[in-house]
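Heads up, work-v3.cif below (mmCIF, C-alpha atoms and all ligand atoms):
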```cif
data_structure
#
loop_
_atom_site.label_atom_id
_atom_site.label_comp_id
_atom_site.auth_asym_id
_atom_site.auth_seq_id
_atom_site.Cartn_x
_atom_site.Cartn_y
_atom_site.Cartn_z
CA LYS X 746 0.00 0.00 0.00
CA THR X 747 1.17 3.49 -0.81
CA LEU X 748 0.09 7.00 0.13
CA ASP X 749 -2.50 6.71 -2.67
CA ASP X 750 -4.35 4.20 -0.50
CA LEU X 751 -4.71 6.61 2.42
CA GLY X 752 -8.15 8.09 2.92
CA ASP X 753 -8.72 11.33 4.79
CA ILE X 754 -5.72 11.87 7.07
CA ASN X 755 -6.51 15.37 8.24
CA GLY X 756 -5.52 15.58 11.92
CA LYS X 757 -4.18 12.01 11.97
CA ARG X 758 -0.77 11.33 13.43
CA ALA X 759 1.54 9.76 10.81
CA LEU X 760 4.66 8.03 12.12
CA VAL X 761 7.09 8.14 9.19
CA ARG X 762 10.28 6.04 9.30
CA VAL X 763 12.93 7.93 7.37
CA ASP X 764 16.71 7.52 7.09
CA LEU X 765 18.42 10.55 8.64
CA ASN X 766 21.71 8.73 9.05
CA VAL X 767 23.53 11.56 7.27
CA PRO X 768 27.26 12.34 7.26
CA MET X 769 28.26 15.29 9.49
CA ALA X 770 31.43 17.28 10.05
CA ASP X 771 31.88 20.08 12.61
CA GLY X 772 28.19 20.00 13.44
CA ALA X 773 27.04 20.47 9.84
CA VAL X 774 25.37 17.96 7.51
CA THR X 775 27.85 17.40 4.66
CA ASP X 776 25.52 15.51 2.30
CA ASP X 777 21.77 16.10 2.46
CA THR X 778 20.76 13.51 -0.19
CA ARG X 779 18.93 11.39 2.35
CA ILE X 780 17.09 14.42 3.75
CA ARG X 781 15.98 15.45 0.28
CA ALA X 782 14.78 11.91 -0.44
CA THR X 783 12.19 12.21 2.35
CA LEU X 784 10.66 15.52 1.17
CA PRO X 785 7.96 14.22 -1.22
CA THR X 786 6.43 12.01 1.47
CA VAL X 787 6.74 14.53 4.27
CA THR X 788 5.32 17.48 2.33
CA GLU X 789 2.49 15.38 0.92
CA LEU X 790 1.44 14.12 4.35
CA ALA X 791 1.72 17.57 5.92
CA ASP X 792 -0.22 19.19 3.06
CA ARG X 793 -2.95 16.59 3.52
CA GLY X 794 -3.26 17.72 7.15
CA ALA X 795 -1.44 14.92 8.94
CA ILE X 796 0.67 15.53 12.04
CA VAL X 797 3.97 14.23 10.71
CA LEU X 798 6.26 12.46 13.20
CA LEU X 799 9.61 11.36 11.83
CA LEU X 800 11.20 8.24 13.30
CA ALA X 801 14.86 7.63 12.47
CA HIS X 802 18.17 6.31 13.76
CA PHE X 803 21.43 8.24 13.73
CA GLY X 804 24.73 6.42 14.08
CA ARG X 805 25.14 3.33 16.24
CA PRO X 806 24.65 4.43 19.87
CA LYS X 807 23.83 0.84 20.94
CA GLY X 808 21.01 1.72 23.31
CA MET X 809 22.89 4.61 24.98
CA GLN X 810 21.72 8.24 25.06
CA ARG X 811 24.68 9.72 23.20
CA PRO X 812 24.43 13.52 22.80
CA ASP X 813 26.72 13.34 19.76
CA MET X 814 24.16 11.06 18.10
CA SER X 815 21.07 13.06 18.97
CA LEU X 816 18.77 13.83 16.06
CA SER X 817 18.46 17.34 17.50
CA LEU X 818 21.75 17.89 15.60
CA VAL X 819 19.98 17.19 12.29
CA THR X 820 16.72 19.03 12.97
CA ARG X 821 17.85 22.51 11.87
CA ALA X 822 19.36 21.22 8.61
CA TYR X 823 16.20 19.25 8.00
CA GLY X 824 14.03 22.34 8.42
CA GLU X 825 16.29 24.35 6.11
CA VAL X 826 16.14 21.76 3.34
CA LEU X 827 12.38 21.32 3.79
CA GLY X 828 11.76 25.05 3.97
CA ARG X 829 9.27 24.69 6.82
CA PRO X 830 9.58 24.74 10.61
CA VAL X 831 10.43 21.36 12.12
CA ARG X 832 10.14 20.59 15.83
CA PHE X 833 12.30 18.22 17.81
CA VAL X 834 10.77 15.80 20.34
CA GLU X 835 13.17 14.43 22.93
CA ASP X 836 12.03 10.81 22.83
CA CYS X 837 10.47 8.46 20.31
CA GLN X 838 8.15 6.88 22.90
CA GLY X 839 6.64 7.48 26.33
CA SER X 840 4.64 10.16 28.09
CA HIS X 841 6.98 13.05 27.35
CA ALA X 842 6.69 12.38 23.62
CA LYS X 843 2.93 11.92 23.90
CA ASP X 844 2.52 15.28 25.66
CA ALA X 845 4.69 17.08 23.11
CA ILE X 846 2.79 15.57 20.19
CA ALA X 847 -0.57 16.47 21.78
CA THR X 848 0.30 20.14 21.28
CA MET X 849 0.88 19.74 17.53
CA ASN X 850 -1.58 20.82 14.85
CA PRO X 851 -2.48 19.33 11.45
CA GLY X 852 0.39 19.98 9.01
CA ASP X 853 3.01 20.24 11.76
CA ILE X 854 6.21 18.23 11.43
CA ALA X 855 8.51 16.88 14.16
CA ILE X 856 11.62 14.74 14.34
CA LEU X 857 11.57 12.30 17.25
CA GLU X 858 14.80 11.42 19.06
CA ASN X 859 17.09 8.63 17.76
CA THR X 860 15.25 5.29 17.94
CA ARG X 861 18.57 3.58 18.75
CA PHE X 862 18.76 5.39 22.11
CA HIS X 863 16.53 2.48 23.20
CA ALA X 864 18.14 -0.96 23.32
CA GLY X 865 14.82 -2.45 22.18
CA GLU X 866 15.14 -0.86 18.74
CA GLU X 867 17.80 -3.20 17.36
CA LYS X 868 16.29 -6.18 19.22
CA ASN X 869 12.96 -5.49 17.54
CA ASP X 870 11.46 -5.50 21.05
CA PRO X 871 7.65 -5.70 20.79
CA ALA X 872 7.31 -3.45 23.86
CA LEU X 873 9.24 -0.62 22.18
CA ALA X 874 7.37 -1.12 18.89
CA ALA X 875 4.08 -0.88 20.82
CA ALA X 876 5.22 2.24 22.69
CA MET X 877 6.16 3.95 19.42
CA ALA X 878 2.93 2.81 17.74
CA GLU X 879 0.94 4.49 20.54
CA LEU X 880 2.16 7.86 19.27
CA GLY X 881 0.57 7.47 15.84
CA ASP X 882 -2.52 6.50 13.89
CA ILE X 883 -0.73 5.29 10.77
CA TYR X 884 2.80 4.16 9.90
CA VAL X 885 4.68 5.05 6.71
CA ASN X 886 8.05 3.52 5.87
CA ASP X 887 10.12 5.73 3.58
CA ALA X 888 13.54 4.36 4.54
CA PHE X 889 14.57 1.71 2.02
CA SER X 890 18.17 2.20 3.13
CA ALA X 891 17.27 0.92 6.63
CA ALA X 892 14.89 -1.81 5.41
CA HIS X 893 17.52 -4.55 5.76
CA ARG X 894 17.29 -4.11 9.54
CA ALA X 895 14.51 -5.97 11.36
CA HIS X 896 14.23 -3.31 14.04
CA ALA X 897 11.29 -2.06 16.10
CA SER X 898 10.90 1.11 13.99
CA THR X 899 11.38 -0.62 10.63
CA GLU X 900 9.67 -3.99 11.13
CA GLY X 901 7.89 -4.49 14.46
CA ILE X 902 5.80 -1.34 14.29
CA ALA X 903 4.56 -2.13 10.75
CA HIS X 904 2.46 -4.94 12.23
CA LEU X 905 0.82 -2.69 14.82
CA LEU X 906 -0.58 0.17 12.70
CA PRO X 907 -2.01 0.48 9.18
CA ALA X 908 1.29 0.60 7.23
CA TYR X 909 2.17 2.21 3.91
CA ALA X 910 5.21 2.64 1.67
CA GLY X 911 6.27 6.28 1.31
CA ARG X 912 7.10 7.91 -2.03
CA ALA X 913 10.88 7.35 -1.79
CA MET X 914 10.37 3.70 -0.82
CA GLU X 915 7.92 3.28 -3.68
CA ARG X 916 10.34 4.77 -6.23
CA GLU X 917 13.19 2.66 -4.94
CA LEU X 918 11.23 -0.61 -5.11
CA LYS X 919 10.00 0.18 -8.64
CA ALA X 920 13.55 0.88 -9.85
CA LEU X 921 14.93 -2.28 -8.28
CA GLU X 922 12.11 -4.36 -9.75
CA ALA X 923 12.96 -2.93 -13.19
CA ALA X 924 16.63 -3.79 -12.68
CA LEU X 925 16.56 -7.35 -11.38
CA GLY X 926 12.95 -8.38 -10.73
CA ASN X 927 11.53 -8.31 -14.21
CA PRO X 928 14.18 -6.57 -16.31
CA GLU X 929 14.49 -6.02 -20.03
CA ARG X 930 17.27 -8.30 -21.28
CA PRO X 931 20.17 -8.51 -21.76
CA VAL X 932 21.08 -7.41 -18.24
CA ALA X 933 24.60 -6.37 -17.23
CA ALA X 934 25.91 -6.00 -13.69
CA VAL X 935 29.06 -4.16 -12.71
CA VAL X 936 30.47 -5.32 -9.38
CA GLY X 937 33.64 -3.67 -8.13
CA GLY X 938 35.31 -2.84 -4.86
CA ALA X 939 38.31 -3.99 -2.96
CA LYS X 940 37.41 -7.43 -1.66
CA VAL X 941 35.60 -10.49 -2.97
CA SER X 942 34.87 -11.51 0.63
CA THR X 943 32.45 -8.59 1.12
CA LYS X 944 30.46 -9.38 -2.02
CA LEU X 945 30.48 -13.18 -2.30
CA ASP X 946 26.71 -13.48 -1.91
CA VAL X 947 26.15 -10.66 -4.39
CA LEU X 948 28.30 -12.38 -7.03
CA GLN X 949 26.73 -15.78 -6.38
CA ASN X 950 23.24 -14.36 -6.83
CA LEU X 951 24.03 -12.21 -9.86
CA VAL X 952 25.65 -14.93 -11.99
CA THR X 953 22.32 -16.74 -12.01
CA LYS X 954 20.33 -13.60 -12.89
CA VAL X 955 22.30 -11.42 -15.32
CA ASP X 956 23.66 -11.99 -18.82
CA HIS X 957 26.91 -10.08 -18.35
CA LEU X 958 28.83 -9.75 -15.10
CA ILE X 959 31.62 -7.18 -15.18
CA ILE X 960 34.03 -7.65 -12.28
CA GLY X 961 36.40 -4.83 -11.44
CA GLY X 962 38.31 -3.33 -8.53
CA GLY X 963 40.58 -5.31 -6.23
CA MET X 964 38.17 -8.24 -6.33
CA ALA X 965 38.95 -8.87 -10.00
CA ASN X 966 42.51 -9.75 -8.93
CA THR X 967 41.28 -12.73 -6.93
CA PHE X 968 39.42 -14.01 -10.00
CA LEU X 969 42.46 -13.45 -12.22
CA ALA X 970 44.69 -15.25 -9.71
CA ALA X 971 42.18 -18.13 -9.59
CA ARG X 972 42.60 -18.44 -13.35
CA GLY X 973 46.36 -18.72 -12.91
CA VAL X 974 47.34 -15.09 -13.59
CA ASP X 975 50.28 -13.79 -11.56
CA VAL X 976 48.93 -10.56 -10.06
CA GLY X 977 52.25 -9.43 -8.50
CA LYS X 978 51.72 -7.56 -5.26
CA SER X 979 48.12 -6.60 -6.08
CA LEU X 980 45.45 -6.79 -3.41
CA CYS X 981 44.27 -10.40 -3.70
CA GLU X 982 42.43 -12.82 -1.41
CA HIS X 983 44.32 -16.00 -2.28
CA ASP X 984 42.23 -18.08 0.14
CA LEU X 985 39.14 -17.33 -1.95
CA LYS X 986 40.49 -18.57 -5.26
CA ASP X 987 38.48 -21.83 -5.10
CA THR X 988 35.34 -19.86 -4.31
CA ALA X 989 36.05 -17.59 -7.27
CA LEU X 990 36.39 -20.62 -9.54
CA ARG X 991 33.06 -21.98 -8.30
CA ILE X 992 31.39 -18.66 -9.08
CA LEU X 993 32.88 -18.72 -12.60
CA ASP X 994 31.63 -22.27 -13.03
CA THR X 995 28.10 -21.37 -11.91
CA ALA X 996 28.15 -18.43 -14.35
CA ASP X 997 29.17 -20.77 -17.15
CA HIS X 998 26.26 -23.09 -16.48
CA ALA X 999 23.81 -20.22 -16.15
CA GLY X 1000 24.86 -18.63 -19.47
CA CYS X 1001 26.31 -15.55 -17.79
CA THR X 1002 29.38 -14.03 -19.47
CA VAL X 1003 31.89 -12.91 -16.85
CA HIS X 1004 34.13 -10.03 -17.95
CA LEU X 1005 37.52 -9.78 -16.28
CA PRO X 1006 40.08 -7.20 -17.41
CA TYR X 1007 42.66 -8.36 -19.95
CA ASP X 1008 44.68 -5.20 -19.76
CA VAL X 1009 45.27 -3.31 -16.54
CA VAL X 1010 46.85 -0.15 -15.15
CA VAL X 1011 49.73 -1.08 -12.84
CA ALA X 1012 52.26 0.74 -10.65
CA LYS X 1013 54.93 -0.17 -8.14
CA GLU X 1014 53.48 2.13 -5.50
CA PHE X 1015 49.98 3.28 -4.72
CA ALA X 1016 50.09 7.06 -5.09
CA ALA X 1017 48.65 9.71 -7.38
CA ASN X 1018 50.29 9.62 -10.84
CA PRO X 1019 53.26 7.46 -9.76
CA PRO X 1020 56.32 7.43 -12.07
CA SER X 1021 56.16 3.62 -12.35
CA LEU X 1022 52.65 3.71 -13.85
CA ARG X 1023 52.11 1.69 -17.02
CA ILE X 1024 49.46 -0.25 -18.90
CA ALA X 1025 50.07 -3.98 -19.05
CA ASN X 1026 48.49 -7.13 -20.35
CA VAL X 1027 47.24 -9.10 -17.32
CA HIS X 1028 49.77 -11.81 -18.10
CA GLU X 1029 52.65 -9.36 -17.87
CA VAL X 1030 52.27 -7.91 -14.38
CA ALA X 1031 55.70 -7.88 -12.70
CA ALA X 1032 56.24 -9.26 -9.19
CA GLU X 1033 56.74 -5.77 -7.73
CA GLU X 1034 53.72 -4.23 -9.49
CA MET X 1035 50.11 -3.95 -8.41
CA ILE X 1036 46.94 -3.67 -10.45
CA LEU X 1037 45.11 -0.42 -9.70
CA ASP X 1038 42.61 -0.04 -12.53
CA VAL X 1039 41.10 -1.74 -15.57
CA GLY X 1040 43.05 -0.94 -18.75
CA PRO X 1041 41.78 1.13 -21.72
CA ALA X 1042 41.36 -1.78 -24.16
CA ALA X 1043 39.28 -3.72 -21.64
CA VAL X 1044 37.17 -0.64 -20.92
CA GLU X 1045 36.43 -0.30 -24.62
CA ALA X 1046 35.33 -3.94 -24.77
CA LEU X 1047 33.15 -3.42 -21.70
CA ALA X 1048 31.54 -0.39 -23.33
CA ASP X 1049 30.80 -2.50 -26.42
CA ALA X 1050 29.21 -5.20 -24.25
CA LEU X 1051 27.12 -2.56 -22.48
CA LYS X 1052 25.84 -1.26 -25.82
CA THR X 1053 24.17 -4.64 -26.42
CA CYS X 1054 22.37 -4.50 -23.04
CA ARG X 1055 19.01 -3.02 -22.04
CA THR X 1056 19.48 -3.00 -18.25
CA LEU X 1057 22.44 -2.26 -15.98
CA VAL X 1058 22.89 -2.59 -12.24
CA TRP X 1059 26.09 -1.14 -10.80
CA ASN X 1060 27.76 -1.52 -7.41
CA GLY X 1061 31.40 -0.70 -6.79
CA PRO X 1062 34.15 1.15 -8.69
CA LEU X 1063 36.39 -0.57 -11.28
CA GLY X 1064 39.64 0.82 -9.88
CA ALA X 1065 41.12 2.78 -6.97
CA PHE X 1066 39.04 5.73 -8.19
CA GLU X 1067 39.82 8.20 -5.38
CA THR X 1068 43.44 8.41 -6.57
CA PRO X 1069 44.10 9.70 -10.11
CA PRO X 1070 44.57 8.36 -12.69
CA PHE X 1071 43.05 5.13 -11.32
CA ASP X 1072 39.58 6.62 -11.74
CA GLU X 1073 39.73 6.50 -15.53
CA ALA X 1074 38.07 3.13 -16.17
CA THR X 1075 35.21 3.86 -13.74
CA VAL X 1076 34.65 7.31 -15.21
CA ALA X 1077 34.76 6.06 -18.82
CA LEU X 1078 32.32 3.18 -18.26
CA ALA X 1079 30.02 5.36 -16.14
CA ARG X 1080 29.90 7.94 -18.94
CA THR X 1081 29.10 5.24 -21.51
CA ALA X 1082 26.29 3.94 -19.27
CA ALA X 1083 24.98 7.46 -18.76
CA ALA X 1084 24.99 8.23 -22.50
CA LEU X 1085 23.15 4.98 -23.26
CA THR X 1086 20.61 5.82 -20.56
CA VAL X 1087 20.04 9.34 -21.86
CA SER X 1088 19.57 7.99 -25.40
CA GLY X 1089 16.87 5.67 -24.07
CA SER X 1090 18.50 2.32 -24.80
CA LEU X 1091 19.50 1.43 -21.23
CA VAL X 1092 17.83 1.34 -17.81
CA SER X 1093 20.63 1.99 -15.31
CA VAL X 1094 20.39 1.50 -11.56
CA ALA X 1095 23.29 2.11 -9.18
CA GLY X 1096 23.72 1.97 -5.42
CA GLY X 1097 26.20 1.94 -2.55
CA GLY X 1098 28.20 4.79 -1.01
CA ASP X 1099 31.38 4.35 -3.10
CA THR X 1100 29.40 3.92 -6.29
CA VAL X 1101 27.42 7.10 -5.78
CA ALA X 1102 30.67 8.96 -5.04
CA ALA X 1103 32.21 7.51 -8.22
CA LEU X 1104 29.21 8.49 -10.37
CA ASN X 1105 29.23 11.99 -8.89
CA HIS X 1106 32.96 12.18 -9.60
CA ALA X 1107 32.24 11.19 -13.22
CA GLY X 1108 29.51 13.85 -13.29
CA VAL X 1109 26.82 11.42 -14.44
CA ALA X 1110 24.81 10.46 -11.33
CA ASP X 1111 21.83 12.51 -12.59
CA ASP X 1112 21.86 10.72 -15.94
CA PHE X 1113 21.35 7.27 -14.44
CA THR X 1114 17.77 6.02 -14.35
CA PHE X 1115 17.96 5.60 -10.59
CA VAL X 1116 20.65 6.03 -7.96
CA SER X 1117 19.82 4.41 -4.63
CA THR X 1118 20.53 6.19 -1.35
CA ALA X 1119 21.08 2.80 0.28
CA GLY X 1120 24.37 1.14 1.20
CA GLY X 1121 23.89 -2.12 3.10
CA ALA X 1122 20.26 -2.50 2.02
CA PHE X 1123 21.24 -2.18 -1.66
CA LEU X 1124 23.84 -4.93 -1.23
CA GLU X 1125 21.40 -7.25 0.52
CA TRP X 1126 18.93 -6.67 -2.27
CA MET X 1127 21.67 -7.54 -4.80
CA GLU X 1128 22.24 -10.71 -2.78
CA GLY X 1129 18.64 -11.64 -3.54
CA LYS X 1130 17.56 -11.33 0.08
CA GLU X 1131 14.12 -10.30 1.19
CA LEU X 1132 14.38 -7.10 3.25
CA PRO X 1133 12.42 -7.32 6.53
CA GLY X 1134 11.26 -3.69 6.37
CA VAL X 1135 9.83 -4.23 2.89
CA LYS X 1136 8.33 -7.63 3.73
CA ALA X 1137 6.48 -6.17 6.72
CA LEU X 1138 4.79 -3.66 4.38
CA GLU X 1139 3.86 -6.35 1.88
CA ASN X 1140 2.17 -8.43 4.54
CA GLN X 1141 -0.41 -5.74 5.18
CA GLU X 1142 -4.01 -6.74 4.46
C1 LIG V 1201 22.89 3.22 6.33
O1 LIG V 1201 23.54 4.22 6.68
O2 LIG V 1201 23.25 2.45 5.42
C2 LIG V 1201 21.58 2.97 7.01
O3 LIG V 1201 21.14 4.11 7.65
C3 LIG V 1201 21.69 1.80 7.95
O4 LIG V 1201 22.58 2.09 9.00
P1 LIG V 1201 23.20 0.90 9.86
O5 LIG V 1201 24.17 0.17 8.97
O6 LIG V 1201 23.83 1.52 11.07
O7 LIG V 1201 22.05 -0.03 10.24
#
```

Would you mind writing the file out in structure tokens?
Amino acid sequence: KTLDDLGDINGKRALVRVDLNVPMADGAVTDDTRIRATLPTVTELADRGAIVLLLAHFGRPKGMQRPDMSLSLVTRAYGEVLGRPVRFVEDCQGSHAKDAIATMNPGDIAILENTRFHAGEEKNDPALAAAMAELGDIYVNDAFSAAHRAHASTEGIAHLLPAYAGRAMERELKALEAALGNPERPVAAVVGGAKVSTKLDVLQNLVTKVDHLIIGGGMANTFLAARGVDVGKSLCEHDLKDTALRILDTADHAGCTVHLPYDVVVAKEFAANPPSLRIANVHEVAAEEMILDVGPAAVEALADALKTCRTLVWNGPLGAFETPPFDEATVALARTAAALTVSGSLVSVAGGGDTVAALNHAGVADDFTFVSTAGGAFLEWMEGKELPGVKALENQE
């Protein structure tokens, strides 16, 4: 159910789970993407006369009342981005919160204190879920990026009140369905990042679902090494070589083409523009060299493969993209994907903190069909897992 299924909500109290886990430095929010993502839901509910009560976590206070993780620190920035006054309520449950909310009028908006100040939040304690539910008449979940957590404010409470998906949640689920649920084929996935070990389940799931799997970043080295390539002193998880071979075998049986780089950018030291930098065939990496990016010939071949595809899902950079020039492969492929998307031949969905940073760096994040605000939740979705926060909404009558 979405906000379209709500009847008259004038004067009703809407508990809205949002993700306000935003990066901060020196007391200021440094990236307000997650705040902006909540605006359509919050303004719609407020304009329809609801009393809007935002539930969220901030950091990992582990049940302690940590002043440095108080959502009061985010309230001013939230109000500025929203362009309306926003109140702060010092608890997300209990009589103090109830009294504060009783003074609010239709259309008013408040942020309630960090749900993780209560130990029951992460334990999905039914008592805490019930205490939060008492504050509202309806529940809206607009926090896809926290939906992989079965917590009291993301899962438990959804069973206690009429529950709805917010606009950001709705958009996110639609985009993900278009990417892996029922996609237009062929489908390509780009999976990069430093370590295979952090994305084993992602790779295992994707090889059975996509037509092309492009592996980049440090994790490609483990696959190359598994195939007998000497990767010199590159980052490589040698103990996972057998696992890598099994993944390649599964891909083979499933008809998924796995793309590993055949030329690479190498250097003897990891630094910006090092003097030892050169482009090498993967079979010619010297013992004292390390692979730091996918090479230009391989990038061209990847771009050609992408041109045959209708759908792309992307998680993780192809090289050590924060340090130039090891950002070149990621930037080049991201720009190809963006151009194909703009021309209408590709549906492109990307997610994960590093990936969003890489797409912003390439200047193309806005050209992708959809860029998820989620980190861990996006990965769990790519692993094929059902997210408890989403499941709880689906199980509504
Ligand atoms: C995130 O930042 O990815 C979400 O807010 C979830 O935070 P968590 O990993 O602390 O549960």

Given a cut-off of 9 Å, what residues near ligand LIG 1201 (chain V) show up using only C-alpha atoms and all ligand atoms, put as JSON, numbers by chain? {"X": [764, 765, 766, 767, 768, 801, 802, 803, 804, 805, 867, 888, 889, 890, 891, 892, 893, 894, 1097, 1098, 1118, 1119, 1120, 1121, 1122, 1123]}

Selection: 9 Å around Leu945 (chain X), all atoms listed in the file, excl. self and same-chain fewer than 4 positions, as a compact mmCIF listing (two decimals) with C-alpha atoms, in the frame of the given file:
```
# COMPACT_ATOMS: atom_id res chain seq x y z
CA VAL X 941 35.60 -10.49 -2.97
CA GLN X 949 26.73 -15.78 -6.38
CA ASN X 950 23.24 -14.36 -6.83
CA THR X 988 35.34 -19.86 -4.31
CA ALA X 989 36.05 -17.59 -7.27
CA ILE X 992 31.39 -18.66 -9.08
CA GLU X 1128 22.24 -10.71 -2.78
```

Using only C-alpha atoms, pick whichever of X:Ala939, X:Met814, X:Ala970, X:Leu784 has the shortest atom-to-atom distance to Val826 (chain X).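 Selected residue with least distance to Val826 (chain X): X:Leu784.
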
Find the spatial neighbours of region 1068-1078 of chain X, counting all atoms listed in the file, within a cut-off of 8 Å - ignore same-chain residues fewer than 5 positions away - and output them as a list in words. Val1010, Ala1016, Ala1017, Asn1018, Leu1037, Asp1038, Val1039, Gly1040, Pro1041, Val1044, Leu1047, Ala1048, Pro1062, Leu1063, Ala1103, Leu1104, His1106 and Ala1107 of chain X

Pairwise distance for CA of Thr953 (chain X) and CA of Pro931 (chain X), rounded to one decimal in Å: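 Here the two named atoms are 12.9 Å from each other.
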